[in-house]
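In what follows, a structure is listed as C-alpha cells, so that the remarks can point back to it.
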2 protein chains.
Amino acid sequence: MTTTPTGTPVTAASPGRPIDAAVLRELRAIVGAGHVQHEDGDVAAYARDATPLFSARPGAVVHPGSTEEVAAVLKLASSRSIPVVPRGAGSNLCAATVPLSGGIVLVLTRLDRILEIDTDELLAVCQPGVTSAELAGAAAARGLLYAPDPGSRTVATVGGTIATCAGGLRGLKYGVTRNYVLGLEAVLPTGEVIRTGGRLWKDVAGYDLTRLLTGSEGTLAVITEATLALLPAPESGATGLAYFPTLADAGRAVARIIGSGLVPATLEFLDAKCIEAVEAYARLGLRSEAGALLLFGDDGDPALVGRHLDRMAELCLGEGALEATVAGTAAESEALLAARRCSLPALSRLDSITILEDASVPRPRIAEMVERIDAIAARHDLTIATFGHAGDGNLHPTCVTDAADGDAVGRAHLAFGEIFRAAMELGGTITGEHGVGAAKLPYLTERLGTGQMALLRRLKAAFDPAGILNPGKLGS
Amino acid sequence: MTTTPTGTPVTAASPGRPIDAAVLRELRAIVGAGHVQHEDGDVAAYARDATPLFSARPGAVVHPGSTEEVAAVLKLASSRSIPVVPRGAGSNLCAATVPLSGGIVLVLTRLDRILEIDTDELLAVCQPGVTSAELAGAAAARGLLYAPDPGSRTVATVGGTIATCAGGLRGLKYGVTRNYVLGLEAVLPTGEVIRTGGRLWKDVAGYDLTRLLTGSEGTLAVITEATLALLPAPESGATGLAYFPTLADAGRAVARIIGSGLVPATLEFLDAKCIEAVEAYARLGLRSEAGALLLFGDDGDPALVGRHLDRMAELCLGEGALEATVAGTAAESEALLAARRCSLPALSRLDSITILEDASVPRPRIAEMVERIDAIAARHDLTIATFGHAGDGNLHPTCVTDAADGDAVGRAHLAFGEIFRAAMELGGTITGEHGVGAAKLPYLTERLGTGQMALLRRLKAAFDPAGILNPGKLGS
C-alpha cells in the first residue's frame, strides 16, 4: 500500500446524497447506458486514487466520450447541485480525485486520442485521457521531446498531469508541465466551453487562464483538450553517479555544479537509507557505506554532453566524493539510473505501508532539510528515507511502517506535519509536484496565509458558483 | 509620435471626480508630502503612456516608497472608491497605464532596489521599479542571464514587464517573462499583502497566482517585489543574415531551420518595406531589392554556435536565399542586428505618426499573415511595414502616416481592426507581447468569446470587489 496520509484521512462508505433514478436516466441519455456505472461493485474502484487512506464512494461513475458530453453532464450536475470529480488515471498522491462528497466521478479516459503531432509547429494537440508516456512516445517517433516526465507517466493521463502541474526528473533544465501548456479547451462547471491560448508561443490576450487551470486540480474546470509545446529531441544523453560520505558533501557538489554554469538535465540524490534499501532489494552493487548518492546527467550535443559529464564528475570529486563514474554507453546510463528508479519499490518492501511525500526547499537547503527529516523521524521512532530532485530542491521523504500499527501511522502523521513545517521554515513549500488535494489542504493555510486562502475561495467561486466541482479540495 | 491607436482613442482633460483635500492630506501622511503631486502641471505627464492617442489626466500622482505605503494608499483608495492605476515607466504600447477614470496614478519607480542576485540559487529578488536592463546588467555582472528582453528594456520597469508578461527577441528559445517569475509580493486593492511562490523551482501549493498576476496589467494587484529565475550566461553568441526574394521564401527557411532540430536564440524578419526604410535611414548597405531579410542567431558553446549558424545559413540558401552571411565576430553580429534595431526609428521618420502594432500567428502562417497585411494596407491606401519575431510568430505591423490627416488616421484604425481579425482567422491572437490595455479591449471579446469575457470579469471582482484598480482595462 502506497499512500500519503497527511492531514486527516477520510473514509466514507457512501457520502453525500445518492444519485436518484431520474438523474441516472439523464446521464445515460447523455453518454450512453454503457458509460454510466452506479452499482456498488462498479463504483468501488473509484472511491480511491493512489492515496489509500482516503476513500469515499461516488454515487455514479460517468465516462463521457466527447466535450459535448462533458458539458451536458456538468450542466446537469450544476442544475441539481451534484458534486462532480474529474478523474484521469487516479494516479495522484494527494487524494485529489477521491469523491469526498460523493456525487459523480467523471472519468476522462475515453477521450484518449492524440489529435496531432506537428513537427513544423513543435506542438501536440491531444485529449485528456492520453497517457503522458503515450504522448511522449508519439512525439519521440517524430523526433520530438515532450519534456514533462512525472514518475507516474506510464499511467498518468495528460489531463491529470496538467491538472496537477506535474513535475519530474528534468525540472531544473526543462521546467514543469506549466511550461509546456500552450492552450486548453475546458468546460466550466456550468457547462460552458472555453478555449484558452492556442498554437502560439506568445499570447497575452486576457488573464492567463491557461496557467491558472494548470495545477487547479479539477476544481475550476474540466480539461477536454490540450495544445502542448514539444522540443526537438536531444541528440544524446548520458548519466553519471557519485558517492559521498554525507549528504552535505553532495549538497556542496550540487552547488559547485550549478555555480559552474552547467544546467544538468538530471541531478537526483538518494540518502543513506535509500541506498541501503535499494542495494538490499536490487543488488546493483551500490556502496552501502556511502552517506549519499548523486546521479547527474545531461543531454544534447554528444561532445558537449561528454564534456559536461566529465566536469560534473570532477566537481563531485573536488567536493569529497568517494567515487564518481560516468556511463560510457546508453545501457550503462540506464543501469546507473536504476538506483533512482528502484528507490520507491525498494522502500515499499520494507513494511506494509509506504508513505511517499513531497516537499520543496530552496536548492542550497536540501542537506539541511534532510537532516531535519532524519531528526524528526528519530524523534517519532520512524524509518523515513529521502530521495529526490537535487536540481530543483524537490524532496520525497518516504516513511515505511506497519499499516496495522495505528500508533505508528499516527506518529507518521505527526512527523509529516513537522516535516512540512520544517520545509516552510527553510523557505520551502508543502508540495513541489504532487499537489494539494484533500491530503495537503490542512497545511495550505500555513503556507499561503488566511488572506490568500480567502482569495483562492473567491477565485473558485468565480469559476464554480454552485461549488459542484471537486468539493473539499483546492479552493474549499 | 509612436502609438497604437486601436480601439477608440480616449482623451479626457480631467476625468472622474477630483481628489478632495482631505484625501490629499491622507495621501501625504502616508507617503510624505514630497511624494504626492496634484497640480495640473505636475500630473499632466501621467495622463499618457507610450500610447499617445490615449490621454486622461489623473487627480493625483503618488510615489510610494515601500510595500506598506502601497498598502496604505490602496486601503484608502478602496474605502473612498478612488481609481488607482499602477505605473512603472509608462513605456507600454496599449494604453495600459492611462488613468481613464482619473483618480490616483501610483508610480512605483521609487521602489528601485535590486535586493539580491544569488549565484547559488540562480535567482534575483528585486523591487518593481528596477529597469529590466538594470536587472539584466546586474545579473550579467555575476555571470548570469535574465532572459526576458523586451525592446523597451532600458526604460521598462521589471514590475511593468511582469504586469504585461513582456516578450522580446528570444521567445522561441527562452520563453517570455512568465517563464522567469518564481514568486511575487503583491498588494490587493483592499490593502492586503500576499506572497505567491518563492525561491522554488517547483511549488504547486494553491492556484497559480504567480502566473495569474503576470500579464494582469495592473488590474488585479500591485506588484511590490519579484523573485526571478536567472540562467547561467551563455558562453558566446553569434548572428547571421540572409536575404530572400520573397517573405514566403524566408518562411520556408524558418520552417526548415526549426524542422532540422535547431532552436535559434534569434530569428527575426524584416519585410521589403522595412528593409527599404532602414537602408534609407541608416545606410547599412542592405540589399534594397530583397523581398525579405532574416536574422538568425544562437548562443551557448562556441563550437556548437558556429556549427548551428553555418547550418542555418545553408538551410536559408537551400530555400532560395539570395545571400547568407554569418558574422565572424561579436562586432559583426552587432552590425547585423542593427538592421532590426533600426526598424522602428527608420519607419518613424517617414511620417509624423508611427503606429506600432502587435499580433501573433502560428509560426508557419507568418508569410500568409504579412500578405494579408499588405493587401489590407493597399486597400486602405496606407503604408504598413512589418517586422517581427519569426521564431515565435509574433509580428509588428507598423503604419506610418500623417497625424494631422484625420482621414488617414481613421483608415489606419479600420486597417488594424482588419489585421487583428486576419490574425484570428489564421489561428492567431490580437496581442503577442504588448498587452490589451485600453487599446485592445474592443477586440478582446472577439478573441475570447463572451463566456470567457464574463469569467475574466468575475476573476477581476474576486481580486478587486470595489473595482478601483485600473478601471476600463482588462477584466472590465
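We label chains A, B, ... in the order they appear in the C-alpha cells, count residues from 1 in each chain, and number ligands from 1 in the order shown.
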Chain A residues within 6 Å of chain B, counting only C-alpha atoms: which ones, as a PDB file with N, CA and C atoms, in the first residue's frame?
ATOM      1  N   ASP A 120       6.348  20.943 -37.697  1.00  0.00           N
ATOM      2  CA  ASP A 120       6.657  22.330 -38.079  1.00  0.00           C
ATOM      3  C   ASP A 120       6.427  23.285 -36.920  1.00  0.00           C
ATOM      4  N   ARG A 199      -2.165  27.808 -30.553  1.00  0.00           N
ATOM      5  CA  ARG A 199      -0.924  27.299 -31.153  1.00  0.00           C
ATOM      6  C   ARG A 199       0.080  28.443 -31.227  1.00  0.00           C
ATOM      7  N   LEU A 200       0.288  29.095 -30.106  1.00  0.00           N
ATOM      8  CA  LEU A 200       1.010  30.364 -30.089  1.00  0.00           C
ATOM      9  C   LEU A 200       2.040  30.376 -28.979  1.00  0.00           C
ATOM     10  N   TRP A 201       3.224  30.846 -29.304  1.00  0.00           N
ATOM     11  CA  TRP A 201       4.276  30.956 -28.298  1.00  0.00           C
ATOM     12  C   TRP A 201       4.147  32.245 -27.494  1.00  0.00           C
ATOM     13  N   LYS A 202       3.454  33.210 -28.084  1.00  0.00           N
ATOM     14  CA  LYS A 202       3.232  34.485 -27.392  1.00  0.00           C
ATOM     15  C   LYS A 202       1.767  34.861 -27.531  1.00  0.00           C
ATOM     16  N   ASP A 203       1.106  35.058 -26.424  1.00  0.00           N
ATOM     17  CA  ASP A 203      -0.304  35.436 -26.446  1.00  0.00           C
ATOM     18  C   ASP A 203      -0.633  36.018 -25.084  1.00  0.00           C
ATOM     19  N   VAL A 204      -0.890  37.323 -25.051  1.00  0.00           N
ATOM     20  CA  VAL A 204      -1.205  37.951 -23.766  1.00  0.00           C
ATOM     21  C   VAL A 204      -2.610  38.557 -23.778  1.00  0.00           C
ATOM     22  N   ALA A 205      -3.487  37.975 -24.610  1.00  0.00           N
ATOM     23  CA  ALA A 205      -4.854  38.493 -24.697  1.00  0.00           C
ATOM     24  C   ALA A 205      -5.709  37.925 -23.565  1.00  0.00           C
ATOM     25  N   TYR A 207      -6.461  37.463 -19.048  1.00  0.00           N
ATOM     26  CA  TYR A 207      -5.759  36.849 -17.915  1.00  0.00           C
ATOM     27  C   TYR A 207      -5.279  35.461 -18.322  1.00  0.00           C
ATOM     28  N   ASP A 208      -4.230  35.001 -17.687  1.00  0.00           N
ATOM     29  CA  ASP A 208      -3.583  33.747 -18.082  1.00  0.00           C
ATOM     30  C   ASP A 208      -4.356  32.534 -17.552  1.00  0.00           C
ATOM     31  N   LEU A 212      -3.651  29.251 -15.063  1.00  0.00           N
ATOM     32  CA  LEU A 212      -4.493  29.146 -13.865  1.00  0.00           C
ATOM     33  C   LEU A 212      -5.157  27.767 -13.797  1.00  0.00           C
ATOM     34  N   SER A 216      -4.836  23.387 -11.168  1.00  0.00           N
ATOM     35  CA  SER A 216      -6.043  23.715 -10.401  1.00  0.00           C
ATOM     36  C   SER A 216      -6.762  22.461  -9.899  1.00  0.00           C
ATOM     37  N   PRO A 232      12.704  19.830 -30.009  1.00  0.00           N
ATOM     38  CA  PRO A 232      13.472  18.841 -30.767  1.00  0.00           C
ATOM     39  C   PRO A 232      14.086  17.852 -29.774  1.00  0.00           C
ATOM     40  N   GLY A 259      26.899  26.372  -9.880  1.00  0.00           N
ATOM     41  CA  GLY A 259      27.719  27.587  -9.901  1.00  0.00           C
ATOM     42  C   GLY A 259      28.699  27.628 -11.065  1.00  0.00           C
ATOM     43  N   GLY A 261      28.022  27.009 -14.059  1.00  0.00           N
ATOM     44  CA  GLY A 261      27.344  27.372 -15.303  1.00  0.00           C
ATOM     45  C   GLY A 261      26.696  26.197 -16.015  1.00  0.00           C
ATOM     46  N   PRO A 362      14.456  25.666  -1.126  1.00  0.00           N
ATOM     47  CA  PRO A 362      15.484  26.241  -2.000  1.00  0.00           C
ATOM     48  C   PRO A 362      16.656  25.257  -2.103  1.00  0.00           C
ATOM     49  N   ASP A 392      16.280  20.831  -8.408  1.00  0.00           N
ATOM     50  CA  ASP A 392      15.229  21.818  -8.171  1.00  0.00           C
ATOM     51  C   ASP A 392      14.714  21.833  -6.740  1.00  0.00           C
ATOM     52  N   THR A 431       4.222  21.218  -1.052  1.00  0.00           N
ATOM     53  CA  THR A 431       4.166  20.292  -2.177  1.00  0.00           C
ATOM     54  C   THR A 431       4.852  20.902  -3.387  1.00  0.00           C
ATOM     55  N   GLY A 432       5.827  20.175  -3.907  1.00  0.00           N
ATOM     56  CA  GLY A 432       6.553  20.648  -5.076  1.00  0.00           C
ATOM     57  C   GLY A 432       5.895  20.233  -6.366  1.00  0.00           C
ATOM     58  N   GLU A 433       5.375  18.978  -6.381  1.00  0.00           N
ATOM     59  CA  GLU A 433       4.844  18.470  -7.640  1.00  0.00           C
ATOM     60  C   GLU A 433       3.680  17.494  -7.494  1.00  0.00           C
ATOM     61  N   GLY A 435       0.819  17.913  -5.525  1.00  0.00           N
ATOM     62  CA  GLY A 435      -0.455  18.618  -5.437  1.00  0.00           C
ATOM     63  C   GLY A 435      -0.978  18.707  -4.016  1.00  0.00           C
ATOM     64  N   ARG A 458     -12.470  32.836  -3.395  1.00  0.00           N
ATOM     65  CA  ARG A 458     -13.197  33.752  -4.286  1.00  0.00           C
ATOM     66  C   ARG A 458     -12.950  33.387  -5.751  1.00  0.00           C
ATOM     67  N   LEU A 459     -11.700  32.979  -6.067  1.00  0.00           N
ATOM     68  CA  LEU A 459     -11.402  32.545  -7.435  1.00  0.00           C
ATOM     69  C   LEU A 459     -12.206  31.304  -7.795  1.00  0.00           C
ATOM     70  N   ALA A 462     -15.632  32.193  -8.613  1.00  0.00           N
ATOM     71  CA  ALA A 462     -15.763  32.867  -9.910  1.00  0.00           C
ATOM     72  C   ALA A 462     -15.925  31.844 -11.036  1.00  0.00           C
TER      73      ALA A 462
END
Output as number ranges by chain all residues of region 114-143 of chain B that backbone DSSP marks as alpha helix (DSSP H).
B: 132-141
Skip Arg57 (chain B) itself and residues of its chain fewer than 5 positions away, then list as a VMD selection string all residues within 10 Å of it, counting only C-alpha atoms.
chain B and resid 11 to 16 40 43 to 48 98 to 105
Store the residues of this selection in a file with C-alpha atoms, as a CSV table (one decimal), in the first residue's frame.
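Result file is again.csv:
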chain,number,residue,atom,x,y,z
B,11,THR,CA,-8.9,61.9,-24.4
B,12,ALA,CA,-10.3,63.4,-21.3
B,13,ALA,CA,-8.9,66.6,-19.7
B,14,SER,CA,-9.9,65.7,-16.2
B,15,PRO,CA,-12.0,62.5,-16.0
B,16,GLY,CA,-13.6,61.2,-12.8
B,40,ASP,CA,-2.1,70.3,-13.3
B,43,VAL,CA,0.1,65.4,-13.2
B,44,ALA,CA,-0.1,66.1,-16.9
B,45,ALA,CA,2.9,63.9,-17.6
B,46,TYR,CA,1.0,60.9,-16.2
B,47,ALA,CA,-2.0,61.4,-18.5
B,48,ARG,CA,-0.3,59.4,-21.2
B,98,VAL,CA,-3.6,55.8,-18.9
B,99,PRO,CA,-5.9,56.7,-16.0
B,100,LEU,CA,-9.1,56.6,-18.0
B,101,SER,CA,-11.3,57.2,-14.9
B,102,GLY,CA,-8.9,59.7,-13.3
B,103,GLY,CA,-8.1,59.0,-9.7
B,104,ILE,CA,-4.6,58.2,-8.5
B,105,VAL,CA,-1.6,57.2,-10.6
Taking the chain letters and numbering used in this document, name the residues of region 19-175 of chain B that DSSP puts in strand (DSSP E), as a JSON list (two decimals) with N, CA and C atoms, in the first residue's frame.
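Wrote result_26.json, looks like this:
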[["chain", "number", "residue", "atom", "x", "y", "z"],
["B", 36, "VAL", "N", 3.54, 63.34, -3.26],
["B", 36, "VAL", "CA", 2.17, 63.44, -3.80],
["B", 36, "VAL", "C", 2.12, 64.66, -4.71],
["B", 37, "GLN", "N", 1.67, 64.46, -5.95],
["B", 37, "GLN", "CA", 1.52, 65.58, -6.87],
["B", 37, "GLN", "C", 0.05, 65.69, -7.24],
["B", 55, "SER", "N", -5.31, 59.55, -23.62],
["B", 55, "SER", "CA", -4.87, 60.54, -22.65],
["B", 55, "SER", "C", -6.00, 60.81, -21.67],
["B", 56, "ALA", "N", -5.68, 60.83, -20.40],
["B", 56, "ALA", "CA", -6.67, 61.16, -19.37],
["B", 56, "ALA", "C", -5.89, 61.59, -18.14],
["B", 60, "ALA", "N", -4.39, 62.76, -8.93],
["B", 60, "ALA", "CA", -3.16, 62.86, -8.14],
["B", 60, "ALA", "C", -2.17, 61.79, -8.59],
["B", 61, "VAL", "N", -0.90, 62.09, -8.39],
["B", 61, "VAL", "CA", 0.15, 61.12, -8.68],
["B", 61, "VAL", "C", 0.88, 60.86, -7.37],
["B", 62, "VAL", "N", 0.95, 59.59, -6.98],
["B", 62, "VAL", "CA", 1.52, 59.22, -5.69],
["B", 62, "VAL", "C", 2.72, 58.30, -5.91],
["B", 84, "VAL", "N", -7.24, 53.62, -8.92],
["B", 84, "VAL", "CA", -5.78, 53.63, -8.78],
["B", 84, "VAL", "C", -5.17, 52.92, -9.98],
["B", 85, "VAL", "N", -4.26, 53.60, -10.68],
["B", 85, "VAL", "CA", -3.58, 53.00, -11.83],
["B", 85, "VAL", "C", -2.10, 52.81, -11.49],
["B", 86, "PRO", "N", -1.65, 51.56, -11.28],
["B", 86, "PRO", "CA", -0.23, 51.34, -11.01],
["B", 86, "PRO", "C", 0.58, 51.61, -12.27],
["B", 87, "ARG", "N", 1.75, 52.19, -12.12],
["B", 87, "ARG", "CA", 2.56, 52.58, -13.28],
["B", 87, "ARG", "C", 4.04, 52.44, -12.98],
["B", 104, "ILE", "N", -5.98, 58.14, -8.87],
["B", 104, "ILE", "CA", -4.57, 58.17, -8.48],
["B", 104, "ILE", "C", -3.72, 57.36, -9.45],
["B", 105, "VAL", "N", -2.64, 57.97, -9.97],
["B", 105, "VAL", "CA", -1.61, 57.16, -10.63],
["B", 105, "VAL", "C", -0.56, 56.82, -9.58],
["B", 106, "LEU", "N", -0.35, 55.53, -9.38],
["B", 106, "LEU", "CA", 0.56, 55.05, -8.33],
["B", 106, "LEU", "C", 1.88, 54.67, -9.00],
["B", 107, "VAL", "N", 2.88, 55.53, -8.88],
["B", 107, "VAL", "CA", 4.14, 55.36, -9.62],
["B", 107, "VAL", "C", 5.12, 54.58, -8.75],
["B", 114, "ILE", "N", 17.56, 46.45, -6.39],
["B", 114, "ILE", "CA", 17.82, 45.02, -6.61],
["B", 114, "ILE", "C", 18.23, 44.48, -5.26],
["B", 115, "LEU", "N", 17.43, 43.64, -4.66],
["B", 115, "LEU", "CA", 17.67, 43.21, -3.28],
["B", 115, "LEU", "C", 18.69, 42.09, -3.23],
["B", 116, "GLU", "N", 18.81, 41.33, -4.34],
["B", 116, "GLU", "CA", 19.65, 40.14, -4.28],
["B", 116, "GLU", "C", 19.86, 39.58, -5.68],
["B", 117, "ILE", "N", 21.10, 39.19, -5.96],
["B", 117, "ILE", "CA", 21.38, 38.35, -7.13],
["B", 117, "ILE", "C", 22.07, 37.13, -6.53],
["B", 118, "ASP", "N", 21.45, 35.97, -6.59],
["B", 118, "ASP", "CA", 22.01, 34.80, -5.91],
["B", 118, "ASP", "C", 22.57, 33.83, -6.95],
["B", 123, "LEU", "N", 18.89, 33.11, -8.97],
["B", 123, "LEU", "CA", 17.69, 33.95, -8.93],
["B", 123, "LEU", "C", 18.03, 35.36, -8.49],
["B", 124, "ALA", "N", 17.11, 36.25, -8.80],
["B", 124, "ALA", "CA", 17.21, 37.64, -8.36],
["B", 124, "ALA", "C", 15.95, 37.97, -7.58],
["B", 125, "VAL", "N", 16.10, 38.85, -6.59],
["B", 125, "VAL", "CA", 14.94, 39.41, -5.90],
["B", 125, "VAL", "C", 15.02, 40.91, -6.10],
["B", 126, "CYS", "N", 13.97, 41.51, -6.63],
["B", 126, "CYS", "CA", 14.05, 42.95, -6.84],
["B", 126, "CYS", "C", 12.71, 43.62, -6.68],
["B", 144, "LEU", "N", 25.42, 35.80, -15.04],
["B", 144, "LEU", "CA", 24.09, 35.20, -15.21],
["B", 144, "LEU", "C", 23.28, 35.98, -16.25],
["B", 145, "LEU", "N", 22.25, 35.31, -16.75],
["B", 145, "LEU", "CA", 21.39, 35.90, -17.78],
["B", 145, "LEU", "C", 19.98, 36.08, -17.23]]
Nearest candidate to Thr154 (chain B) (options B:Ala277, B:Ala89, B:Leu184, B:Val73; using only C-alpha atoms)
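Ranked by minimum distance to Thr154 (chain B), first place goes to B:Ala89.
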Pick from A:Val155, A:Cys94, A:Ile468, A:Ala390 nearest to Thr266 (chain A), counting only C-alpha atoms:
A:Ala390
Of the listed residues A:Leu294, A:Leu247, A:Leu241, A:Val278, that which approaches Val326 (chain A) most closely, counting only C-alpha atoms:
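Result for the nearest residue to Val326 (chain A): A:Leu241.
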One decimal, in Å: what's the spacing between CA of Thr239 (chain A) and CA of Val305 (chain A)?
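Atom-to-atom, CA of Thr239 (chain A) to CA of Val305 (chain A), that is 9.4 Å.
Across A:Ala221, A:Ala265, A:Leu74, A:Met424, the tightest approach to Tyr174 (chain A) is made by A:Ala265 when counting only C-alpha atoms.
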Name the residues in contact with Ala404 (chain B) at a cut-off of 12 Å, using only C-alpha atoms, excluding same-chain residues fewer than 6 positions from it; report them as a list in words.
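In the requested format, the answer is Met1, Asp351, Ser352, Ile353 and Gly410 of chain B.
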Residues from last step as file, C-alpha atoms, as an mmCIF file, in the first residue's frame:
data_model
loop_
_atom_site.group_PDB
_atom_site.id
_atom_site.type_symbol
_atom_site.label_atom_id
_atom_site.label_comp_id
_atom_site.auth_asym_id
_atom_site.auth_seq_id
_atom_site.Cartn_x
_atom_site.Cartn_y
_atom_site.Cartn_z
ATOM 1 C CA MET B 1 4.786 60.263 -32.021
ATOM 2 C CA ASP B 351 5.871 60.471 -41.405
ATOM 3 C CA SER B 352 4.561 62.191 -38.284
ATOM 4 C CA ILE B 353 2.783 59.236 -36.698
ATOM 5 C CA GLY B 410 -9.232 56.769 -39.306
#
Which neighbours of region 131-136 of chain B fall inside 8 Å, counting only C-alpha atoms, when residues of the same chain fewer than 3 positions from it are skipped, and could you give them as a PyMOL selection string?
chain B and resi 112+114+139-140+145-147+149+153-158+161
Create the file for the chosen residues now, containing all heavy atoms and written as a compact mmCIF listing (two decimals), in the first residue's frame.
# COMPACT_ATOMS: atom_id res chain seq x y z
N ASP B 112 13.14 50.92 -6.27
CA ASP B 112 14.08 50.66 -7.37
C ASP B 112 15.32 49.88 -6.95
O ASP B 112 16.37 50.02 -7.54
CB ASP B 112 14.49 51.99 -8.01
CG ASP B 112 15.24 52.88 -7.03
OD1 ASP B 112 15.32 52.52 -5.83
OD2 ASP B 112 15.73 53.94 -7.45
N ILE B 114 17.56 46.45 -6.39
CA ILE B 114 17.82 45.02 -6.61
C ILE B 114 18.23 44.48 -5.26
O ILE B 114 19.26 44.87 -4.72
CB ILE B 114 18.92 44.81 -7.66
CG1 ILE B 114 18.48 45.36 -9.01
CG2 ILE B 114 19.29 43.33 -7.76
CD1 ILE B 114 19.53 45.33 -10.09
N ALA B 139 22.71 40.97 -13.32
CA ALA B 139 22.85 39.52 -13.48
C ALA B 139 24.10 39.21 -14.32
O ALA B 139 24.90 38.33 -13.96
CB ALA B 139 21.61 38.93 -14.15
N ALA B 140 24.29 39.95 -15.40
CA ALA B 140 25.44 39.72 -16.28
C ALA B 140 26.75 39.92 -15.53
O ALA B 140 27.72 39.19 -15.75
CB ALA B 140 25.36 40.65 -17.49
N LEU B 145 22.25 35.31 -16.75
CA LEU B 145 21.39 35.90 -17.78
C LEU B 145 19.98 36.08 -17.23
O LEU B 145 19.37 35.12 -16.75
CB LEU B 145 21.34 34.96 -19.00
CG LEU B 145 20.37 35.33 -20.13
CD1 LEU B 145 20.89 36.53 -20.91
CD2 LEU B 145 20.17 34.14 -21.07
N TYR B 146 19.44 37.31 -17.33
CA TYR B 146 18.00 37.49 -17.14
C TYR B 146 17.42 37.49 -18.54
O TYR B 146 17.64 38.42 -19.33
CB TYR B 146 17.69 38.78 -16.39
CG TYR B 146 16.19 38.99 -16.23
CD1 TYR B 146 15.42 38.03 -15.57
CD2 TYR B 146 15.55 40.10 -16.75
CE1 TYR B 146 14.05 38.18 -15.43
CE2 TYR B 146 14.18 40.25 -16.62
CZ TYR B 146 13.43 39.29 -15.97
OH TYR B 146 12.06 39.43 -15.85
N ALA B 147 16.71 36.43 -18.89
CA ALA B 147 16.40 36.16 -20.30
C ALA B 147 15.38 37.10 -20.95
O ALA B 147 15.55 37.44 -22.12
CB ALA B 147 15.94 34.71 -20.45
N ASP B 149 13.81 40.00 -22.75
CA ASP B 149 14.50 41.15 -23.34
C ASP B 149 13.57 41.99 -24.22
O ASP B 149 13.78 42.15 -25.41
CB ASP B 149 15.70 40.67 -24.17
CG ASP B 149 15.26 39.85 -25.38
OD1 ASP B 149 14.13 39.31 -25.34
OD2 ASP B 149 16.02 39.75 -26.35
N ARG B 153 13.56 47.55 -22.89
CA ARG B 153 14.18 47.14 -21.63
C ARG B 153 15.02 48.22 -20.93
O ARG B 153 15.19 48.17 -19.73
CB ARG B 153 14.98 45.86 -21.79
CG ARG B 153 16.19 45.97 -22.70
CD ARG B 153 16.74 44.57 -23.00
NE ARG B 153 17.78 44.64 -24.03
CZ ARG B 153 17.52 44.79 -25.33
NH1 ARG B 153 16.28 44.88 -25.75
NH2 ARG B 153 18.51 44.85 -26.19
N THR B 154 15.54 49.19 -21.67
CA THR B 154 16.35 50.22 -21.00
C THR B 154 15.49 51.14 -20.14
O THR B 154 15.99 51.74 -19.20
CB THR B 154 17.16 51.07 -22.01
OG1 THR B 154 16.24 51.58 -22.98
CG2 THR B 154 18.23 50.24 -22.71
N VAL B 155 14.21 51.27 -20.46
CA VAL B 155 13.33 52.11 -19.63
C VAL B 155 12.27 51.31 -18.87
O VAL B 155 11.89 51.69 -17.76
CB VAL B 155 12.62 53.21 -20.47
CG1 VAL B 155 13.63 54.26 -20.92
CG2 VAL B 155 11.88 52.63 -21.66
N ALA B 156 11.78 50.23 -19.47
CA ALA B 156 10.68 49.48 -18.86
C ALA B 156 11.09 48.95 -17.49
O ALA B 156 12.19 48.45 -17.32
CB ALA B 156 10.27 48.31 -19.76
N THR B 157 10.18 49.04 -16.52
CA THR B 157 10.48 48.52 -15.19
C THR B 157 10.16 47.03 -15.12
O THR B 157 9.32 46.53 -15.87
CB THR B 157 9.66 49.24 -14.11
OG1 THR B 157 8.27 49.00 -14.36
CG2 THR B 157 9.92 50.75 -14.11
N VAL B 158 10.81 46.36 -14.21
CA VAL B 158 10.55 44.93 -14.01
C VAL B 158 9.07 44.72 -13.65
O VAL B 158 8.42 43.81 -14.17
CB VAL B 158 11.48 44.36 -12.92
CG1 VAL B 158 11.02 42.99 -12.47
CG2 VAL B 158 12.91 44.30 -13.45
N THR B 161 7.08 44.97 -16.80
CA THR B 161 7.27 43.84 -17.72
C THR B 161 6.58 42.58 -17.17
O THR B 161 6.12 41.74 -17.95
CB THR B 161 8.76 43.54 -17.99
OG1 THR B 161 9.42 43.29 -16.74
CG2 THR B 161 9.44 44.70 -18.69
Please report the interatomic distance between CA of Ala408 (chain B) and CA of Cys342 (chain B) in Å with one decimal.
24.7 Å
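Among the candidates B:Ala242, B:Leu315, B:Ile223, B:Ala439, the one nearest to Leu53 (chain B) when counting only C-alpha atoms is B:Ala439.
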Using only C-alpha atoms, determine which residues lie at most 9 Å from Glu368 (chain A), disregarding the query and same-chain residues fewer than 5 positions distant; provide the list as a list of chain:residue names.
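Surrounding residues, per the criterion: A:Leu247, A:Ala248, A:Ile373, A:Leu426.
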State, in Å with one decimal place, the distance from CA of Ala138 (chain B) to CA of Ala330 (chain B).
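About the pair CA of Ala138 (chain B) and CA of Ala330 (chain B): they are 20.9 Å apart.
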Using only C-alpha atoms for the distances, tell me which of A:Leu111, A:Ala339, A:Ala367, A:Met312 is nearest to Glu279 (chain A).
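Nearest to Glu279 (chain A): A:Ala339.
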